>>> print(open('input_5.tsv').read())   # TSV, C-alpha atoms
chain	number	residue	atom	x	y	z
A	1	MET	CA	182.26	129.39	-31.62
A	2	LYS	CA	180.33	132.37	-32.95
A	3	ARG	CA	181.57	135.91	-32.47
A	4	VAL	CA	180.25	137.73	-29.37
A	5	LEU	CA	180.38	141.52	-29.68
A	6	GLU	CA	182.03	143.59	-26.96
A	7	PRO	CA	181.65	147.37	-26.41
A	8	GLU	CA	183.26	149.29	-29.26
A	9	LEU	CA	184.80	151.92	-26.98
A	10	MET	CA	186.67	151.79	-23.68
A	11	GLU	CA	185.25	154.76	-21.78
A	12	ASP	CA	184.90	153.60	-18.18
A	13	GLU	CA	187.59	155.43	-16.19
A	14	ALA	CA	188.62	152.36	-14.16
A	15	GLN	CA	188.85	150.26	-17.31
A	16	VAL	CA	190.84	152.91	-19.17
A	17	LYS	CA	193.20	153.41	-16.21
A	18	ALA	CA	193.82	149.67	-15.91
A	19	TYR	CA	194.50	149.38	-19.63
A	20	ALA	CA	196.79	152.42	-19.72
A	21	GLU	CA	198.82	151.13	-16.78
A	22	ALA	CA	198.98	147.49	-17.91
A	23	ASP	CA	202.26	145.92	-18.97
A	24	PHE	CA	202.07	145.47	-22.75
A	25	GLU	CA	205.84	145.59	-23.20
A	26	VAL	CA	206.13	142.25	-24.98
A	27	PRO	CA	203.25	142.47	-27.51
A	28	HIS	CA	203.78	146.18	-28.20
A	29	SER	CA	207.53	145.87	-28.70
A	30	GLN	CA	206.97	142.85	-30.94
A	31	PHE	CA	204.43	144.83	-32.97
A	32	ILE	CA	206.96	147.61	-33.59
A	33	GLU	CA	209.71	145.10	-34.41
A	34	ARG	CA	207.49	143.43	-36.99
A	35	LEU	CA	206.40	146.79	-38.37
A	36	GLN	CA	210.05	147.85	-38.73
A	37	ALA	CA	210.91	144.58	-40.48
A	38	PHE	CA	208.12	145.20	-42.99
A	39	VAL	CA	208.54	148.94	-43.51
A	40	ASN	CA	212.38	148.77	-43.40
A	41	GLU	CA	212.66	152.54	-43.84
A	42	PRO	CA	214.32	153.98	-40.71
A	43	ASP	CA	214.48	157.46	-42.26
A	44	PHE	CA	210.74	157.59	-42.97
A	45	SER	CA	209.87	161.27	-42.59
A	46	GLY	CA	206.19	161.34	-43.52
A	47	THR	CA	203.09	161.03	-41.37
A	48	ALA	CA	201.75	157.71	-40.08
A	49	LEU	CA	198.15	157.05	-39.07
A	50	ASP	CA	197.53	154.96	-35.94
A	51	LEU	CA	193.94	153.70	-35.92
A	52	GLY	CA	192.62	152.79	-32.48
A	53	CYS	CA	195.62	154.20	-30.62
A	54	GLY	CA	194.23	153.76	-27.11
A	55	PRO	CA	196.45	155.60	-24.60
A	56	GLY	CA	199.13	155.97	-27.26
A	57	ASP	CA	201.84	153.53	-26.22
A	58	ILE	CA	202.35	152.16	-29.72
A	59	SER	CA	202.20	155.65	-31.24
A	60	CYS	CA	205.04	156.65	-28.92
A	61	ARG	CA	207.03	153.52	-29.72
A	62	PHE	CA	206.58	154.20	-33.42
A	63	ALA	CA	207.75	157.81	-33.00
A	64	ARG	CA	210.88	156.64	-31.17
A	65	ALA	CA	211.60	154.01	-33.84
A	66	TYR	CA	211.13	156.59	-36.63
A	67	PRO	CA	212.60	159.82	-35.24
A	68	LEU	CA	211.83	161.82	-38.41
A	69	ALA	CA	208.19	160.75	-38.60
A	70	ARG	CA	204.97	162.28	-37.33
A	71	VAL	CA	201.94	160.34	-36.08
A	72	HIS	CA	198.23	161.09	-36.15
A	73	ALA	CA	196.87	158.89	-33.36
A	74	VAL	CA	193.11	158.26	-33.55
A	75	ASP	CA	190.76	156.75	-30.99
A	76	GLY	CA	187.02	156.93	-30.45
A	77	SER	CA	187.33	157.11	-26.66
A	78	ALA	CA	187.87	160.57	-25.19
A	79	ALA	CA	189.10	158.95	-21.97
A	80	MET	CA	191.79	157.04	-23.89
A	81	ILE	CA	192.88	160.18	-25.73
A	82	ASN	CA	193.10	162.09	-22.45
A	83	TYR	CA	195.32	159.40	-20.95
A	84	GLY	CA	197.50	159.47	-24.05
A	85	LYS	CA	198.03	163.20	-23.71
A	86	LEU	CA	198.95	162.78	-20.03
A	87	LEU	CA	201.38	159.90	-20.56
A	88	ILE	CA	203.26	161.08	-23.65
A	89	ASP	CA	206.89	162.11	-23.21
A	90	ASP	CA	207.48	165.83	-23.69
A	91	ALA	CA	210.08	165.08	-26.37
A	92	LEU	CA	207.46	163.32	-28.50
A	93	LYS	CA	204.64	165.85	-28.14
A	94	PRO	CA	205.63	167.90	-31.23
A	95	ARG	CA	205.41	164.79	-33.42
A	96	ILE	CA	202.28	163.01	-32.13
A	97	SER	CA	198.82	164.48	-32.58
A	98	PHE	CA	195.96	162.76	-30.73
A	99	ILE	CA	192.62	162.89	-32.55
A	100	GLN	CA	189.37	161.78	-30.93
A	101	GLY	CA	186.84	160.46	-33.39
A	102	LEU	CA	184.79	157.39	-34.19
A	103	LEU	CA	185.48	155.50	-37.40
A	104	PRO	CA	184.45	155.89	-40.15
A	105	HIS	CA	183.34	159.47	-39.47
A	106	VAL	CA	186.56	160.84	-37.97
A	107	SER	CA	187.91	164.04	-39.54
A	108	LEU	CA	191.66	163.81	-40.19
A	109	PRO	CA	194.15	166.59	-41.00
A	110	GLN	CA	195.51	164.83	-44.08
A	111	ALA	CA	193.96	163.20	-47.13
A	112	SER	CA	196.50	160.34	-47.15
A	113	TYR	CA	199.29	158.75	-45.13
A	114	GLY	CA	202.58	157.04	-45.88
A	115	ILE	CA	202.05	154.37	-43.22
A	116	ILE	CA	198.76	153.20	-41.71
A	117	PHE	CA	198.94	150.89	-38.71
A	118	SER	CA	196.56	149.50	-36.13
A	119	ASN	CA	196.86	147.19	-33.15
A	120	SER	CA	193.85	145.52	-31.54
A	121	LEU	CA	191.17	147.67	-33.11
A	122	LEU	CA	189.49	145.24	-35.49
A	123	HIS	CA	187.87	143.06	-32.83
A	124	HIS	CA	186.25	146.13	-31.22
A	125	LEU	CA	184.32	147.04	-34.36
A	126	PRO	CA	180.74	145.80	-34.77
A	127	ASP	CA	181.24	146.11	-38.53
A	128	PRO	CA	184.80	145.05	-39.43
A	129	MET	CA	184.56	146.59	-42.90
A	130	VAL	CA	184.84	150.01	-41.23
A	131	LEU	CA	188.57	149.44	-40.66
A	132	TRP	CA	189.31	148.27	-44.19
A	133	ASP	CA	187.23	151.03	-45.75
A	134	VAL	CA	189.01	153.70	-43.70
A	135	ILE	CA	192.37	152.25	-44.72
A	136	LYS	CA	191.31	152.40	-48.38
A	137	ARG	CA	190.16	156.00	-47.97
A	138	PHE	CA	193.42	157.29	-46.49
A	139	ALA	CA	195.87	155.12	-48.45
A	140	VAL	CA	197.49	156.06	-51.75
A	141	PRO	CA	199.72	153.91	-53.97
A	142	GLY	CA	202.75	153.07	-51.86
A	143	THR	CA	201.10	153.45	-48.46
A	144	GLN	CA	202.43	150.72	-46.16
A	145	ILE	CA	199.76	148.96	-44.10
A	146	VAL	CA	200.42	147.04	-40.87
A	147	ILE	CA	197.63	145.55	-38.74
A	148	MET	CA	197.77	143.24	-35.72
A	149	ASP	CA	194.80	141.82	-33.86
A	150	LEU	CA	193.50	138.94	-31.82
A	151	LEU	CA	192.11	135.72	-33.26
A	152	ARG	CA	188.96	134.11	-31.89
A	153	PRO	CA	189.56	130.75	-30.20
A	154	ALA	CA	187.61	127.69	-31.24
A	155	SER	CA	185.70	127.42	-27.95
A	156	ILE	CA	184.83	129.09	-24.65
A	157	ASP	CA	187.13	126.64	-22.86
A	158	GLU	CA	190.03	127.64	-25.09
A	159	ALA	CA	189.35	131.33	-24.44
A	160	GLN	CA	189.29	130.75	-20.69
A	161	THR	CA	192.56	128.81	-20.90
A	162	MET	CA	194.18	131.71	-22.76
A	163	VAL	CA	193.08	134.13	-20.04
A	164	ARG	CA	194.59	131.89	-17.36
A	165	THR	CA	197.78	131.47	-19.39
A	166	TYR	CA	198.43	135.03	-20.51
A	167	ALA	CA	196.62	137.25	-18.01
A	168	ALA	CA	196.96	135.36	-14.74
A	169	ASP	CA	198.69	138.24	-12.94
A	170	GLU	CA	196.56	141.04	-14.39
A	171	PRO	CA	193.74	142.84	-12.52
A	172	ASP	CA	190.31	141.22	-12.83
A	173	ILE	CA	189.09	144.03	-15.08
A	174	LEU	CA	191.84	143.27	-17.62
A	175	LYS	CA	191.15	139.54	-17.43
A	176	ARG	CA	187.52	140.27	-18.23
A	177	ASP	CA	188.45	142.59	-21.10
A	178	PHE	CA	190.87	140.05	-22.57
A	179	TYR	CA	188.25	137.31	-22.41
A	180	GLN	CA	185.62	139.50	-24.05
A	181	SER	CA	188.12	140.57	-26.72
A	182	LEU	CA	188.92	136.96	-27.57
A	183	LEU	CA	185.22	136.22	-28.03
A	184	ALA	CA	184.82	139.35	-30.20
A	185	ALA	CA	187.82	138.63	-32.42
A	186	PHE	CA	187.68	137.14	-35.90
A	187	ARG	CA	188.97	133.89	-37.36
A	188	MET	CA	191.63	133.87	-40.08
A	189	GLU	CA	189.14	132.94	-42.80
A	190	GLU	CA	186.79	135.74	-41.74
A	191	ILE	CA	189.56	138.33	-41.96
A	192	ALA	CA	190.60	136.99	-45.35
A	193	GLY	CA	187.02	137.43	-46.52
A	194	GLN	CA	186.89	141.01	-45.23
A	195	ILE	CA	190.10	141.93	-47.03
A	196	ALA	CA	188.88	140.34	-50.26
A	197	GLN	CA	185.58	142.22	-49.97
A	198	ALA	CA	187.49	145.48	-49.51
A	199	GLY	CA	189.61	144.75	-52.58
A	200	LEU	CA	192.88	145.07	-50.69
A	201	ASP	CA	195.99	143.04	-51.48
A	202	LEU	CA	197.27	142.16	-48.01
A	203	LYS	CA	199.26	139.26	-46.56
A	204	ILE	CA	197.68	137.54	-43.54
A	205	GLU	CA	199.87	135.58	-41.14
A	206	GLN	CA	199.06	133.89	-37.84
A	207	ILE	CA	201.99	134.74	-35.55
A	208	SER	CA	200.84	133.13	-32.29
A	209	ASP	CA	197.99	131.08	-30.89
A	210	ARG	CA	196.02	134.32	-30.50
A	211	HIS	CA	197.44	136.92	-32.91
A	212	VAL	CA	197.17	137.69	-36.61
A	213	PHE	CA	199.58	140.04	-38.43
A	214	ILE	CA	198.51	141.68	-41.69
A	215	THR	CA	200.75	143.65	-44.04
A	216	GLY	CA	200.66	145.10	-47.51
A	217	ILE	CA	201.40	148.07	-49.76
A	218	ALA	CA	198.49	149.95	-51.29
A	219	SER	CA	198.39	150.00	-55.07
>>> encode(input="input_5.tsv", output="structure tokens")
Amino acid sequence: MKRVLEPELMEDEAQVKAYAEADFEVPHSQFIERLQAFVNEPDFSGTALDLGCGPGDISCRFARAYPLARVHAVDGSAAMINYGKLLIDDALKPRISFIQGLLPHVSLPQASYGIIFSNSLLHHLPDPMVLWDVIKRFAVPGTQIVIMDLLRPASIDEAQTMVRTYAADEPDILKRDFYQSLLAAFRMEEIAGQIAQAGLDLKIEQISDRHVFITGIAS
């Protein structure tokens, strides 16, 4: 099945509200657990970069997991950023900075970051090399890189089955978004090709029937 592009940004208010209020407890907590297992540095006190932060749930989870760290949370959607600012706990506000900007042209406060992470951004990008090029630009030797995203199923039928299996109780708008995201996602071999093209040394692992997890340390 060929890739079918979906809109790069979530800007519709109803869509953003549904996404911000959805229950992502399991995948988001698993993302942070896997990130912690890779980074294994509970006293990390630098600044992390969250690319495609959405309403900021994973940024907040990261900040709680690393109480000495700061986070620059980037998203192209102003509506998502606004939700993030509304939903963030007061205790975390001094350590999380939301930045609205479209990759690769976003202006960031720092030239490099100790950790760069991203969840579910890659499949939104018309040109996937944008993500890898931005990572290269803001990484320095030793930067720890953690990426998770969806994998494209082999067929329309398989995508529809995944929606029924994993989003049966979600609002119709989220079912639609999940389906479109599956069709817009990449296959393992495509991601491997992107990483090779970017000249990055990253490990790629399929961790479920629909998720890929990518890690590495910049050199």
>>> residues_around(input="input_5.tsv", residues="Met188 (chain A)", least_positions_apart="4", cutoff="8 Å", atoms="all atoms listed in the file", output="list of chain:residue names")
A:Leu151, A:Ala192, A:Ile204, A:Gln206, A:Val212
>>> closest_residue(input="input_5.tsv", among="A:Ala91, A:Leu103, A:Leu49, A:Leu108", to="Leu125 (chain A)", atoms="all atoms listed in the file")
A:Leu103
>>> atom_distance(input="input_5.tsv", atom1="CA of Phe138 (chain A)", atom2="CA of Ser112 (chain A)")
4.4 Å
>>> axis_aligned_box(input="input_5.tsv", around="region 141-154 of chain A", padding_each_side="8 Å", output="lines of an AutoDock Vina configuration file")
center_x = 195.2
center_y = 140.8
center_z = -42.1
size_x = 31.1
size_y = 42.2
size_z = 39.8
>>> residues_near_point(input="input_5.tsv", point="(216.2, 153.2, -38.8)", cutoff="7 Å", atoms="only C-alpha atoms", output="number ranges by chain")
A: 41-43, 65-66
>>> closest_residue(input="input_5.tsv", among="A:Gly54, A:Pro128, A:Pro153, A:Gly76", to="Ile191 (chain A)", atoms="all atoms listed in the file")
A:Pro128
>>> residues_near_point(input="input_5.tsv", point="(209.6, 145.1, -38.9)", cutoff="12 Å", atoms="all atoms listed in the file", output="ChimeraX atom specification")
/A:29-42,62,65-66,144-147,213-215
>>> write_last_selection(input="input_5.tsv", atoms="C-alpha atoms", output="short mmCIF file (atom, residue, chain, number, x, y, z; two decimals), in the coordinates of the input")
data_model
loop_
_atom_site.label_atom_id
_atom_site.label_comp_id
_atom_site.auth_asym_id
_atom_site.auth_seq_id
_atom_site.Cartn_x
_atom_site.Cartn_y
_atom_site.Cartn_z
CA SER A 29 207.53 145.87 -28.70
CA GLN A 30 206.97 142.85 -30.94
CA PHE A 31 204.43 144.83 -32.97
CA ILE A 32 206.96 147.61 -33.59
CA GLU A 33 209.71 145.10 -34.41
CA ARG A 34 207.49 143.43 -36.99
CA LEU A 35 206.40 146.79 -38.37
CA GLN A 36 210.05 147.85 -38.73
CA ALA A 37 210.91 144.58 -40.48
CA PHE A 38 208.12 145.20 -42.99
CA VAL A 39 208.54 148.94 -43.51
CA ASN A 40 212.38 148.77 -43.40
CA GLU A 41 212.66 152.54 -43.84
CA PRO A 42 214.32 153.98 -40.71
CA PHE A 62 206.58 154.20 -33.42
CA ALA A 65 211.60 154.01 -33.84
CA TYR A 66 211.13 156.59 -36.63
CA GLN A 144 202.43 150.72 -46.16
CA ILE A 145 199.76 148.96 -44.10
CA VAL A 146 200.42 147.04 -40.87
CA ILE A 147 197.63 145.55 -38.74
CA PHE A 213 199.58 140.04 -38.43
CA ILE A 214 198.51 141.68 -41.69
CA THR A 215 200.75 143.65 -44.04
#
>>> closest_residue(input="input_5.tsv", among="A:Leu68, A:Ala159, A:Cys53, A:Ala196", to="Asn82 (chain A)", atoms="all atoms listed in the file")
A:Cys53
>>> closest_residue(input="input_5.tsv", among="A:Tyr179, A:Tyr166, A:Phe24, A:Trp132", to="Ala198 (chain A)", atoms="all atoms listed in the file")
A:Trp132
>>> closest_residue(input="input_5.tsv", among="A:Ala154, A:Ile99, A:Ala184, A:Val26", to="Met80 (chain A)", atoms="only C-alpha atoms")
A:Ile99
>>> closest_residue(input="input_5.tsv", among="A:Ser208, A:Ser118, A:Ser45, A:Ser155", to="Asp57 (chain A)", atoms="all atoms listed in the file")
A:Ser118
>>> atom_distance(input="input_5.tsv", atom1="CA of Asp90 (chain A)", atom2="CA of His72 (chain A)")
16.2 Å
>>> atom_distance(input="input_5.tsv", atom1="CA of Arg210 (chain A)", atom2="CA of Ile135 (chain A)")
23.2 Å
>>> residues_around(input="input_5.tsv", residues="Val130 (chain A)", least_positions_apart="2", cutoff="12 Å", atoms="all atoms listed in the file", output="list in words")
Leu51, Leu102, Leu103, Pro104, His105, Val106, Leu121, Leu122, His123, His124, Leu125, Pro126, Asp127, Pro128, Trp132, Asp133, Val134, Ile135, Lys136, Arg137, Gln194, Ile195, Gln197 and Ala198 of chain A
>>> residues_around(input="input_5.tsv", residues="Ala218 (chain A)", least_positions_apart="3", cutoff="7 Å", atoms="all atoms listed in the file", output="ChimeraX atom specification")
/A:139-144
